[in-house]
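Source file target-v7.cif; content: mmCIF, C-alpha atoms (C1' of nucleotides).
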```
data_query
#
loop_
_atom_site.label_atom_id
_atom_site.label_comp_id
_atom_site.auth_asym_id
_atom_site.auth_seq_id
_atom_site.Cartn_x
_atom_site.Cartn_y
_atom_site.Cartn_z
CA MET A 29 53.69 151.47 -12.64
CA VAL A 30 52.71 151.58 -9.00
CA GLN A 31 49.48 150.00 -7.88
CA PHE A 32 47.87 151.24 -4.69
CA VAL A 33 45.95 149.00 -2.36
CA HIS A 34 42.76 150.50 -1.02
CA PRO A 35 40.54 148.29 1.12
CA SER A 36 36.84 148.50 0.39
CA ARG A 37 34.75 150.27 2.99
CA ASP A 38 33.65 147.04 4.61
CA ASP A 39 37.20 145.81 4.94
CA ILE A 40 38.21 148.76 7.10
CA THR A 41 38.79 147.45 10.61
CA LEU A 42 38.81 149.21 13.94
CA GLU A 43 42.15 147.74 14.87
CA GLY A 44 43.63 148.81 11.57
CA VAL A 45 42.38 152.35 12.02
CA LEU A 46 43.61 152.55 15.59
CA ALA A 47 46.99 151.10 14.69
CA ALA A 48 47.31 153.57 11.85
CA LEU A 49 46.41 156.48 14.12
CA SER A 50 48.56 155.33 17.01
CA ASP A 51 51.66 156.74 15.40
CA PRO A 52 52.08 160.44 16.22
CA MET A 53 53.29 161.24 12.73
CA ARG A 54 50.36 159.55 11.03
CA LEU A 55 47.92 161.14 13.44
CA ARG A 56 49.23 164.55 12.41
CA ILE A 57 49.10 163.66 8.75
CA VAL A 58 45.46 162.66 9.06
CA LYS A 59 44.69 165.73 11.11
CA SER A 60 46.19 167.99 8.49
CA MET A 61 44.21 166.25 5.76
CA VAL A 62 40.92 166.67 7.60
CA GLY A 63 41.67 170.37 8.07
CA GLN A 64 42.02 170.81 4.34
CA HIS A 65 39.19 169.14 2.56
CA GLY A 66 40.71 168.67 -0.82
CA CYS A 67 43.50 166.42 -1.95
CA MET A 68 47.01 166.93 -0.71
CA SER A 69 50.30 165.63 -1.97
CA CYS A 70 52.36 163.55 0.44
CA THR A 71 54.74 166.45 0.87
CA GLU A 72 51.95 168.93 1.60
CA ALA A 73 50.25 166.63 4.06
CA THR A 74 53.37 166.09 6.09
CA PRO A 75 53.82 168.26 9.15
CA CYS A 76 57.36 166.98 9.61
CA PRO A 77 59.76 167.66 6.78
CA ASP A 78 62.89 166.27 8.43
CA MET A 79 62.03 162.66 7.84
CA ALA A 80 63.29 160.22 5.26
CA LYS A 81 61.14 160.06 2.14
CA SER A 82 60.98 156.32 2.44
CA THR A 83 59.66 156.53 6.00
CA LEU A 84 57.03 159.00 4.89
CA SER A 85 56.08 156.81 1.99
CA ASN A 86 55.68 153.94 4.39
CA HIS A 87 53.39 155.99 6.65
CA PHE A 88 51.19 156.88 3.70
CA ARG A 89 51.08 153.23 2.70
CA ILE A 90 49.95 152.27 6.21
CA LEU A 91 47.25 154.95 6.22
CA ARG A 92 46.16 153.79 2.78
CA GLU A 93 46.03 150.12 3.68
CA ALA A 94 44.11 150.91 6.86
CA GLY A 95 41.53 152.60 4.65
CA LEU A 96 42.05 156.08 6.06
CA ILE A 97 43.19 157.74 2.87
CA HIS A 98 42.77 157.35 -0.85
CA THR A 99 45.80 157.93 -3.03
CA GLU A 100 45.99 158.42 -6.74
CA LYS A 101 48.73 159.49 -8.99
CA LYS A 102 48.20 162.86 -10.63
CA GLY A 103 51.10 163.89 -12.76
CA VAL A 104 54.33 163.85 -10.88
CA GLU A 105 52.78 163.79 -7.46
CA HIS A 106 50.36 161.64 -5.50
CA ARG A 107 47.09 163.20 -4.47
CA ASN A 108 45.81 161.97 -1.14
CA ILE A 109 42.37 162.46 0.27
CA ILE A 110 40.94 161.30 3.54
CA ARG A 111 38.14 158.73 3.22
CA GLN A 112 35.99 160.59 5.69
CA ASP A 113 32.65 159.25 4.46
CA ASP A 114 33.79 155.64 4.45
CA ILE A 115 35.19 155.88 7.95
CA GLU A 116 32.18 157.76 9.22
CA THR A 117 29.88 155.10 7.79
CA ARG A 118 31.94 152.30 9.21
CA PHE A 119 32.70 153.86 12.61
CA PRO A 120 30.39 156.81 13.18
CA GLY A 121 31.97 159.56 15.23
CA LEU A 122 35.30 157.79 15.67
CA LEU A 123 37.49 160.03 13.57
CA LYS A 124 35.91 163.22 14.79
CA THR A 125 36.24 162.12 18.38
CA ILE A 126 39.88 161.16 18.06
CA LEU A 127 40.96 164.14 16.00
CA GLY A 128 39.04 166.49 18.26
CA PHE A 129 41.58 165.77 20.97
CA CYS A 130 44.79 166.12 19.05
CA ASP A 131 46.73 169.35 18.87
CA GLU A 132 45.84 171.65 16.07
CA PRO A 133 48.91 171.64 13.84
CA ARG A 134 48.11 175.17 12.67
CA GLN A 135 44.81 176.91 12.99
CA GLY A 136 45.11 179.91 10.67
CA LYS A 137 47.64 180.58 8.02
CA ASP A 138 51.20 181.88 8.24
CA MET B 8 59.27 144.95 45.75
CA VAL B 9 57.67 146.05 42.50
CA GLN B 10 56.80 149.68 41.96
CA PHE B 11 54.13 150.55 39.44
CA VAL B 12 54.25 153.67 37.32
CA HIS B 13 50.94 155.44 36.95
CA PRO B 14 50.87 158.74 35.08
CA SER B 15 48.78 161.47 36.66
CA ARG B 16 45.57 162.32 34.89
CA ASP B 17 47.09 165.31 33.14
CA ASP B 18 50.00 163.27 31.87
CA ILE B 19 47.74 160.90 29.96
CA THR B 20 48.24 161.61 26.27
CA LEU B 21 46.05 160.88 23.27
CA GLU B 22 48.89 159.24 21.42
CA GLY B 23 49.69 157.06 24.40
CA VAL B 24 46.08 155.95 24.73
CA LEU B 25 45.76 155.23 21.02
CA ALA B 26 49.04 153.35 20.92
CA ALA B 27 47.95 151.28 23.90
CA LEU B 28 44.60 150.50 22.31
CA SER B 29 46.03 149.78 18.87
CA ASP B 30 47.05 146.30 19.91
CA PRO B 31 44.17 143.84 19.52
CA MET B 32 45.06 142.03 22.72
CA ARG B 33 45.15 145.20 24.78
CA LEU B 34 41.94 146.42 23.22
CA ARG B 35 40.24 143.25 24.36
CA ILE B 36 41.75 143.48 27.82
CA VAL B 37 40.43 147.03 28.21
CA LYS B 38 37.07 146.00 26.81
CA SER B 39 36.77 143.19 29.32
CA MET B 40 37.69 145.53 32.16
CA VAL B 41 35.08 148.08 31.19
CA GLY B 42 32.45 145.35 31.07
CA GLN B 43 33.21 144.41 34.66
CA HIS B 44 33.35 147.48 36.77
CA GLY B 45 35.40 146.22 39.66
CA CYS B 46 39.03 145.22 39.83
CA MET B 47 40.29 142.23 37.91
CA SER B 48 43.47 140.27 38.23
CA CYS B 49 45.66 140.12 35.14
CA THR B 50 44.60 136.55 34.60
CA GLU B 51 40.91 137.38 34.87
CA ALA B 52 41.16 140.36 32.59
CA THR B 53 42.87 138.42 29.85
CA PRO B 54 40.64 137.08 27.11
CA CYS B 55 43.52 135.09 25.64
CA PRO B 56 45.01 132.49 27.94
CA ASP B 57 47.44 130.98 25.43
CA MET B 58 49.98 133.73 25.69
CA ALA B 59 53.26 133.90 27.57
CA LYS B 60 52.95 135.39 31.03
CA SER B 61 55.76 137.76 30.26
CA THR B 62 54.02 139.07 27.16
CA LEU B 63 50.84 139.59 29.13
CA SER B 64 52.74 141.35 31.86
CA ASN B 65 54.19 143.64 29.23
CA HIS B 66 50.73 144.46 27.85
CA PHE B 67 49.52 145.37 31.33
CA ARG B 68 52.57 147.56 31.83
CA ILE B 69 51.85 149.39 28.58
CA LEU B 70 48.21 149.93 29.53
CA ARG B 71 49.34 151.12 32.95
CA GLU B 72 51.94 153.52 31.63
CA ALA B 73 49.46 154.91 29.10
CA GLY B 74 47.19 155.71 32.05
CA LEU B 75 44.42 153.34 31.02
CA ILE B 76 44.51 151.11 34.06
CA HIS B 77 45.50 151.31 37.68
CA THR B 78 47.28 148.35 39.19
CA GLU B 79 47.92 147.55 42.80
CA LYS B 80 49.18 144.50 44.50
CA LYS B 81 46.63 142.76 46.67
CA GLY B 82 47.97 139.63 48.22
CA VAL B 83 49.33 137.26 45.67
CA GLU B 84 47.66 138.87 42.71
CA HIS B 85 47.54 142.27 41.07
CA ARG B 86 44.22 144.06 41.02
CA ASN B 87 43.64 146.11 37.92
CA ILE B 88 40.96 148.69 37.40
CA ILE B 89 40.29 150.83 34.40
CA ARG B 90 40.80 154.57 35.00
CA GLN B 91 37.52 155.39 33.35
CA ASP B 92 36.96 158.72 35.13
CA ASP B 93 40.45 160.00 34.40
CA ILE B 94 40.21 159.09 30.75
CA GLU B 95 36.70 160.48 30.46
CA THR B 96 37.81 163.75 32.01
CA ARG B 97 40.85 163.97 29.80
CA PHE B 98 39.24 162.76 26.55
CA PRO B 99 35.47 162.86 26.92
CA GLY B 100 33.73 160.17 24.94
CA LEU B 101 36.90 158.66 23.51
CA LEU B 102 36.90 155.35 25.30
CA LYS B 103 33.19 154.79 24.87
CA THR B 104 33.42 155.61 21.17
CA ILE B 105 36.33 153.28 20.54
CA LEU B 106 35.07 150.40 22.65
CA GLY B 107 31.62 150.75 21.16
CA PHE B 108 33.02 149.50 17.86
CA CYS B 109 35.01 146.55 19.06
CA ASP B 110 33.61 143.06 19.20
CA GLU B 111 31.90 142.08 22.40
CA PRO B 112 34.19 139.43 23.91
CA ARG B 113 31.16 137.79 25.50
CA GLN B 114 27.80 139.36 26.02
CA GLY B 115 26.10 137.09 28.52
CA LYS B 116 27.58 134.37 30.65
CA ASP B 117 28.59 130.85 29.77
"C1'" DT C 5 59.06 127.42 60.22
"C1'" DT C 6 59.47 125.41 56.03
"C1'" DC C 7 57.59 123.98 51.48
"C1'" DA C 8 54.84 124.05 47.56
"C1'" DA C 9 51.64 126.69 44.83
"C1'" DT C 10 50.19 130.93 42.72
"C1'" DA C 11 50.58 135.47 40.31
"C1'" DG C 12 53.17 138.18 38.19
"C1'" DT C 13 57.92 140.55 37.02
"C1'" DT C 14 62.50 140.73 34.99
"C1'" DC C 15 66.07 139.20 31.92
"C1'" DG C 16 68.28 137.77 27.70
"C1'" DA C 17 67.61 135.88 23.21
"C1'" DT C 18 64.97 135.68 19.03
"C1'" DA C 19 61.45 137.50 15.87
"C1'" DT C 20 59.06 141.15 13.96
"C1'" DT C 21 58.46 145.99 12.65
"C1'" DT C 22 60.22 150.66 11.68
"C1'" DT C 23 63.46 153.75 9.88
"C1'" DT C 24 66.82 155.03 6.79
"C1'" DG C 25 69.80 155.96 2.63
"C1'" DA C 26 70.55 154.57 -1.97
"C1'" DA C 27 68.92 153.27 -6.21
"C1'" DC C 28 64.93 153.22 -9.02
"C1'" DT C 29 60.40 154.79 -11.78
"C1'" DA C 30 57.34 158.06 -13.76
"C1'" DT C 31 56.10 162.65 -15.05
"C1'" DT C 32 56.93 167.42 -16.25
"C1'" DG C 33 59.17 171.20 -18.39
"C1'" DA C 34 63.11 173.35 -20.48
"C1'" DT D 8 67.02 164.53 -24.51
"C1'" DC D 9 68.22 166.12 -19.79
"C1'" DA D 10 67.53 167.71 -15.34
"C1'" DA D 11 64.26 168.28 -11.66
"C1'" DT D 12 60.51 166.60 -8.87
"C1'" DA D 13 57.66 163.22 -6.21
"C1'" DG D 14 57.41 159.24 -4.55
"C1'" DT D 15 58.43 153.89 -4.40
"C1'" DT D 16 61.24 149.84 -3.48
"C1'" DC D 17 65.02 147.44 -1.50
"C1'" DA D 18 68.28 145.89 1.95
"C1'" DA D 19 70.53 146.90 6.12
"C1'" DA D 20 70.41 148.93 10.80
"C1'" DA D 21 67.66 150.29 14.81
"C1'" DA D 22 63.83 149.77 17.75
"C1'" DT D 23 59.92 146.80 19.69
"C1'" DA D 24 57.46 142.70 20.82
"C1'" DT D 25 57.38 137.95 22.16
"C1'" DC D 26 58.89 134.15 24.47
"C1'" DG D 27 60.83 130.85 27.94
"C1'" DA D 28 63.45 130.58 32.08
"C1'" DA D 29 64.68 132.26 36.34
"C1'" DC D 30 63.24 135.25 39.92
"C1'" DT D 31 60.18 137.74 43.82
"C1'" DA D 32 56.40 138.06 46.94
"C1'" DT D 33 52.40 136.21 49.12
"C1'" DT D 34 49.40 132.58 50.78
"C1'" DG D 35 48.19 128.35 52.86
"C1'" DA D 36 49.23 123.87 54.50
"C1'" DA D 37 52.15 120.41 56.92
#
```
Encoding of this model in structure tokens:
Amino acid sequence: MVQFVHPSRDDITLEGVLAALSDPMRLRIVKSMVGQHGCMSCTEATPCPDMAKSTLSNHFRILREAGLIHTEKKGVEHRNIIRQDDIETRFPGLLKTILGFCDEPRQGKD
Amino acid sequence: MVQFVHPSRDDITLEGVLAALSDPMRLRIVKSMVGQHGCMSCTEATPCPDMAKSTLSNHFRILREAGLIHTEKKGVEHRNIIRQDDIETRFPGLLKTILGFCDEPRQGKD
DNA sequence: TTCAATAGTTCGATATTTTTGAACTATTGA
DNA sequence: TCAATAGTTCAAAAATATCGAACTATTGAA
């Protein structure tokens, strides 16, 4: 039984958010999750398939503990959703500003 | 003879800026430099005196190589200035948004 | 000119963090 | 019950950060 740690809205810190987003991989994960606005599995949310599962898992943990995403287990996979409202309330405009500058991973569909 | 590396405006990357700002110490250094709008020596710009000189020097190098500050030698000390225009041109609003959320190191004077 | 003081860099060693593969857990579906 | 899937946890290896010590360059004074 895996327990996920999610900080409450007020425990989300600027430094935590910036540190979480300072990794190119995590930035792209977050970007892809904002694009979609439903839940995504870890595998779906990852724009880089050639990476160890454990590394990926660690990135999701960091995003989770920074308060950027919410994860819950749904069947065999983990559904992740970006905590857009919480972050917007805590740091208005921050996420939009940052993500506005990063490369679109894919605009349309294949 | 020490040569400083300063990326050109166009070589400043979002990831580089975020990575540079994701360290609490560097965030405070940048904050203090934006408050002042002239040059500051490394010592002046540092809100945390109890830190090894070499560590500090490394932080300034990272800020410099991310394109956040410009450093030039002036006599015995190094004058640092934040590259506010370059960053604003490259990522409009980013710096203001981020710094707007971080704690004021000191609002008035002593 | 020489000497000490100052401001910061560079180097090498240690400490911390990240990444990885392997082994594990939990769920689904045959 | 068994295999497949999705992800976690663990321990070791790789990469980064921190530190103290030694170094460089400049200033100012004797």
What does chain B look like once superposed on chain A, all Cα atoms paired in sequence order, least squares? Give it as a compact mmCIF listing (two decimals) with C-alpha atoms, in the frame of the given file.
```
# COMPACT_ATOMS: atom_id res chain seq x y z
CA MET B 8 53.82 151.30 -12.59
CA VAL B 9 52.77 151.48 -8.96
CA GLN B 10 49.52 149.92 -7.85
CA PHE B 11 47.89 151.18 -4.69
CA VAL B 12 45.96 148.94 -2.34
CA HIS B 13 42.77 150.44 -1.01
CA PRO B 14 40.53 148.27 1.15
CA SER B 15 36.83 148.49 0.41
CA ARG B 16 34.74 150.28 2.97
CA ASP B 17 33.62 147.06 4.62
CA ASP B 18 37.17 145.83 4.94
CA ILE B 19 38.20 148.79 7.07
CA THR B 20 38.75 147.49 10.59
CA LEU B 21 38.77 149.27 13.93
CA GLU B 22 42.10 147.77 14.87
CA GLY B 23 43.60 148.83 11.57
CA VAL B 24 42.37 152.39 12.00
CA LEU B 25 43.59 152.59 15.58
CA ALA B 26 46.96 151.12 14.70
CA ALA B 27 47.32 153.61 11.86
CA LEU B 28 46.40 156.51 14.11
CA SER B 29 48.55 155.37 17.02
CA ASP B 30 51.66 156.79 15.41
CA PRO B 31 52.06 160.49 16.21
CA MET B 32 53.28 161.29 12.72
CA ARG B 33 50.35 159.58 11.04
CA LEU B 34 47.92 161.18 13.44
CA ARG B 35 49.22 164.57 12.41
CA ILE B 36 49.11 163.69 8.74
CA VAL B 37 45.46 162.65 9.05
CA LYS B 38 44.69 165.74 11.09
CA SER B 39 46.18 167.99 8.44
CA MET B 40 44.21 166.23 5.73
CA VAL B 41 40.93 166.63 7.55
CA GLY B 42 41.63 170.33 8.01
CA GLN B 43 42.00 170.76 4.26
CA HIS B 44 39.16 169.08 2.51
CA GLY B 45 40.67 168.59 -0.90
CA CYS B 46 43.48 166.35 -2.03
CA MET B 47 47.00 166.90 -0.79
CA SER B 48 50.28 165.61 -2.06
CA CYS B 49 52.34 163.57 0.39
CA THR B 50 54.69 166.48 0.79
CA GLU B 51 51.88 168.93 1.49
CA ALA B 52 50.17 166.65 3.95
CA THR B 53 53.30 166.11 5.98
CA PRO B 54 53.72 168.32 9.02
CA CYS B 55 57.26 167.05 9.54
CA PRO B 56 59.64 167.73 6.69
CA ASP B 57 62.78 166.39 8.38
CA MET B 58 61.98 162.77 7.81
CA ALA B 59 63.28 160.32 5.24
CA LYS B 60 61.14 160.12 2.13
CA SER B 61 61.02 156.38 2.45
CA THR B 62 59.70 156.57 5.99
CA LEU B 63 57.04 159.02 4.90
CA SER B 64 56.11 156.82 2.00
CA ASN B 65 55.70 153.96 4.43
CA HIS B 66 53.41 156.02 6.67
CA PHE B 67 51.22 156.88 3.70
CA ARG B 68 51.09 153.22 2.72
CA ILE B 69 49.97 152.27 6.22
CA LEU B 70 47.26 154.94 6.22
CA ARG B 71 46.19 153.78 2.78
CA GLU B 72 46.06 150.12 3.68
CA ALA B 73 44.12 150.91 6.86
CA GLY B 74 41.54 152.60 4.64
CA LEU B 75 42.08 156.08 6.04
CA ILE B 76 43.21 157.74 2.85
CA HIS B 77 42.80 157.31 -0.86
CA THR B 78 45.81 157.88 -3.05
CA GLU B 79 46.00 158.32 -6.77
CA LYS B 80 48.74 159.37 -9.03
CA LYS B 81 48.19 162.71 -10.70
CA GLY B 82 51.08 163.73 -12.84
CA VAL B 83 54.31 163.75 -10.95
CA GLU B 84 52.75 163.72 -7.53
CA HIS B 85 50.36 161.56 -5.56
CA ARG B 86 47.07 163.10 -4.54
CA ASN B 87 45.82 161.93 -1.19
CA ILE B 88 42.37 162.43 0.22
CA ILE B 89 40.97 161.28 3.50
CA ARG B 90 38.16 158.71 3.19
CA GLN B 91 36.02 160.60 5.65
CA ASP B 92 32.66 159.27 4.41
CA ASP B 93 33.79 155.65 4.42
CA ILE B 94 35.20 155.92 7.91
CA GLU B 95 32.17 157.82 9.17
CA THR B 96 29.86 155.18 7.75
CA ARG B 97 31.90 152.36 9.19
CA PHE B 98 32.69 153.94 12.58
CA PRO B 99 30.39 156.90 13.13
CA GLY B 100 31.98 159.63 15.17
CA LEU B 101 35.30 157.85 15.64
CA LEU B 102 37.52 160.07 13.57
CA LYS B 103 35.96 163.28 14.81
CA THR B 104 36.27 162.13 18.41
CA ILE B 105 39.91 161.15 18.08
CA LEU B 106 41.01 164.14 16.04
CA GLY B 107 39.11 166.46 18.34
CA PHE B 108 41.64 165.68 21.06
CA CYS B 109 44.84 166.03 19.12
CA ASP B 110 46.78 169.25 18.95
CA GLU B 111 45.87 171.60 16.17
CA PRO B 112 48.92 171.58 13.89
CA ARG B 113 48.15 175.16 12.90
CA GLN B 114 44.89 176.94 13.36
CA GLY B 115 45.16 179.97 11.12
CA LYS B 116 47.68 180.71 8.42
CA ASP B 117 51.24 181.91 8.66
```
d(atom CA of A:Gly128, atom CA of A:Ser82) in Å:
28.9 Å
Using all atoms listed in the file and a cut-off of 10 Å, which residues of chain D sit close to chain A? Please list them as a PyMOL selection string.
chain D and resi 12-16
Evaluate the PyMOL selection byres ((chain A and resi 94) around 12) here and jot the selected residues down as an NGL selection string.
:A and (33-50 or 54 or 87-93 or 95-98 or 110-111 or 114-115)
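Between atom CA of B:Met40 and atom CA of B:Ile105 lies a distance of 14.0 Å.
Separating atom C1' of D:DG35 from atom C1' of C:DT5 is a distance of 13.2 Å.
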Mind running chain C against chain B at 9 Å and telling me each contacting residue's nearest atom pair with the distance in Å (one decimal), counting all atoms listed in the file, chain and number ascending, as a Markdown table?
```
| residue | atom | partner | partner_atom | distance |
| --- | --- | --- | --- | --- |
| C:DT10 | C1' | B:Val83 | CA | 7.0 |
| C:DA11 | C1' | B:Glu84 | CA | 5.1 |
| C:DG12 | C1' | B:Ser64 | CA | 7.1 |
| C:DT13 | C1' | B:Ser64 | CA | 7.4 |
| C:DT14 | C1' | B:Ser61 | CA | 8.8 |
```
Is there a way to get, as an NGL selection string, all residues within 12 Å of the point (67.2, 127.9, 31.5) in file coordinates, counting all atoms listed in the file?
(:C and (15-17)) or (:D and (27-30))
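Minimum atom-to-atom distance to chain A, evaluated using only C-alpha atoms, belongs to B:Met32 out of B:Met32, B:Met47, B:Val37, B:Gln10.
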Nearest to chain A, chosen from B:Asp92, B:Lys103, B:Pro56, B:Phe98, with all atoms listed in the file counted in the distances:
B:Phe98
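Remark: for chain A, the closest of the candidate residues B:Ile36, B:Leu106, B:Leu101, B:Cys46 is B:Leu101 (distances computed over all atoms listed in the file).
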Shell of 8 Å around C:DT23, all atoms listed in the file, local chain residues under 2 positions omitted, as a VMD selection string
(chain A and resid 80 83) or (chain D and resid 21)
Have a look at A:Thr117, A:Pro75, A:Lys102, A:Arg56 and name the one nearest to C:DT32; count all atoms listed in the file.
A:Lys102
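Minimum atom-to-atom distance to chain A, evaluated using only C-alpha atoms, belongs to B:Leu34 out of B:Leu34, B:Ile88, B:Cys55, B:Val41.
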Complete the atoms of stretch 49-68 of chain A to N, CA, C and O atoms and put them out as a PDB file, keeping the file's coordinate frame.
```
ATOM      1  N   LEU A  49      46.433 155.190  13.428  1.00  0.00           N
ATOM      2  CA  LEU A  49      46.410 156.480  14.120  1.00  0.00           C
ATOM      3  C   LEU A  49      47.263 156.513  15.378  1.00  0.00           C
ATOM      4  O   LEU A  49      47.423 157.560  15.993  1.00  0.00           O
ATOM      5  N   SER A  50      47.793 155.378  15.755  1.00  0.00           N
ATOM      6  CA  SER A  50      48.560 155.330  17.010  1.00  0.00           C
ATOM      7  C   SER A  50      49.960 155.904  16.838  1.00  0.00           C
ATOM      8  O   SER A  50      50.651 156.145  17.804  1.00  0.00           O
ATOM      9  N   ASP A  51      50.371 156.111  15.627  1.00  0.00           N
ATOM     10  CA  ASP A  51      51.660 156.740  15.400  1.00  0.00           C
ATOM     11  C   ASP A  51      51.484 158.256  15.329  1.00  0.00           C
ATOM     12  O   ASP A  51      50.645 158.743  14.563  1.00  0.00           O
ATOM     13  N   PRO A  52      52.250 158.985  16.129  1.00  0.00           N
ATOM     14  CA  PRO A  52      52.080 160.440  16.220  1.00  0.00           C
ATOM     15  C   PRO A  52      52.200 161.130  14.866  1.00  0.00           C
ATOM     16  O   PRO A  52      51.434 162.049  14.566  1.00  0.00           O
ATOM     17  N   MET A  53      53.103 160.647  14.053  1.00  0.00           N
ATOM     18  CA  MET A  53      53.290 161.240  12.730  1.00  0.00           C
ATOM     19  C   MET A  53      52.046 161.030  11.870  1.00  0.00           C
ATOM     20  O   MET A  53      51.532 161.954  11.254  1.00  0.00           O
ATOM     21  N   ARG A  54      51.541 159.832  11.856  1.00  0.00           N
ATOM     22  CA  ARG A  54      50.360 159.550  11.030  1.00  0.00           C
ATOM     23  C   ARG A  54      49.131 160.284  11.547  1.00  0.00           C
ATOM     24  O   ARG A  54      48.297 160.746  10.771  1.00  0.00           O
ATOM     25  N   LEU A  55      49.041 160.406  12.867  1.00  0.00           N
ATOM     26  CA  LEU A  55      47.920 161.140  13.440  1.00  0.00           C
ATOM     27  C   LEU A  55      47.943 162.574  12.921  1.00  0.00           C
ATOM     28  O   LEU A  55      46.912 163.133  12.529  1.00  0.00           O
ATOM     29  N   ARG A  56      49.123 163.165  12.866  1.00  0.00           N
ATOM     30  CA  ARG A  56      49.230 164.550  12.410  1.00  0.00           C
ATOM     31  C   ARG A  56      48.970 164.664  10.917  1.00  0.00           C
ATOM     32  O   ARG A  56      48.405 165.645  10.447  1.00  0.00           O
ATOM     33  N   ILE A  57      49.388 163.650  10.188  1.00  0.00           N
ATOM     34  CA  ILE A  57      49.100 163.660   8.750  1.00  0.00           C
ATOM     35  C   ILE A  57      47.593 163.662   8.518  1.00  0.00           C
ATOM     36  O   ILE A  57      47.059 164.470   7.766  1.00  0.00           O
ATOM     37  N   VAL A  58      46.919 162.751   9.214  1.00  0.00           N
ATOM     38  CA  VAL A  58      45.460 162.660   9.060  1.00  0.00           C
ATOM     39  C   VAL A  58      44.794 163.959   9.489  1.00  0.00           C
ATOM     40  O   VAL A  58      43.908 164.469   8.807  1.00  0.00           O
ATOM     41  N   LYS A  59      45.241 164.469  10.614  1.00  0.00           N
ATOM     42  CA  LYS A  59      44.690 165.730  11.110  1.00  0.00           C
ATOM     43  C   LYS A  59      44.814 166.837  10.060  1.00  0.00           C
ATOM     44  O   LYS A  59      43.859 167.571   9.802  1.00  0.00           O
ATOM     45  N   SER A  60      45.985 166.916   9.458  1.00  0.00           N
ATOM     46  CA  SER A  60      46.190 167.990   8.490  1.00  0.00           C
ATOM     47  C   SER A  60      45.340 167.785   7.249  1.00  0.00           C
ATOM     48  O   SER A  60      44.930 168.737   6.595  1.00  0.00           O
ATOM     49  N   MET A  61      45.040 166.516   6.935  1.00  0.00           N
ATOM     50  CA  MET A  61      44.210 166.250   5.760  1.00  0.00           C
ATOM     51  C   MET A  61      42.746 166.531   6.032  1.00  0.00           C
ATOM     52  O   MET A  61      41.997 166.893   5.118  1.00  0.00           O
ATOM     53  N   VAL A  62      42.307 166.367   7.272  1.00  0.00           N
ATOM     54  CA  VAL A  62      40.920 166.670   7.600  1.00  0.00           C
ATOM     55  C   VAL A  62      40.728 168.190   7.599  1.00  0.00           C
ATOM     56  O   VAL A  62      39.708 168.685   7.157  1.00  0.00           O
ATOM     57  N   GLY A  63      41.726 168.904   8.095  1.00  0.00           N
ATOM     58  CA  GLY A  63      41.670 170.370   8.070  1.00  0.00           C
ATOM     59  C   GLY A  63      41.386 170.885   6.665  1.00  0.00           C
ATOM     60  O   GLY A  63      40.359 171.506   6.415  1.00  0.00           O
ATOM     61  N   GLN A  64      42.289 170.563   5.765  1.00  0.00           N
ATOM     62  CA  GLN A  64      42.020 170.810   4.340  1.00  0.00           C
ATOM     63  C   GLN A  64      40.926 169.843   3.928  1.00  0.00           C
ATOM     64  O   GLN A  64      40.928 168.719   4.377  1.00  0.00           O
ATOM     65  N   HIS A  65      40.006 170.246   3.029  1.00  0.00           N
ATOM     66  CA  HIS A  65      39.190 169.140   2.560  1.00  0.00           C
ATOM     67  C   HIS A  65      39.302 168.860   1.082  1.00  0.00           C
ATOM     68  O   HIS A  65      38.388 168.373   0.473  1.00  0.00           O
ATOM     69  N   GLY A  66      40.437 169.153   0.522  1.00  0.00           N
ATOM     70  CA  GLY A  66      40.710 168.670  -0.820  1.00  0.00           C
ATOM     71  C   GLY A  66      41.823 167.653  -0.747  1.00  0.00           C
ATOM     72  O   GLY A  66      42.124 167.146   0.321  1.00  0.00           O
ATOM     73  N   CYS A  67      42.381 167.344  -1.916  1.00  0.00           N
ATOM     74  CA  CYS A  67      43.500 166.420  -1.950  1.00  0.00           C
ATOM     75  C   CYS A  67      44.782 167.147  -1.540  1.00  0.00           C
ATOM     76  O   CYS A  67      44.904 168.354  -1.702  1.00  0.00           O
ATOM     77  N   MET A  68      45.703 166.385  -1.011  1.00  0.00           N
ATOM     78  CA  MET A  68      47.010 166.930  -0.710  1.00  0.00           C
ATOM     79  C   MET A  68      48.074 165.957  -1.191  1.00  0.00           C
ATOM     80  O   MET A  68      47.892 164.750  -1.114  1.00  0.00           O
TER      81      MET A  68
END
```
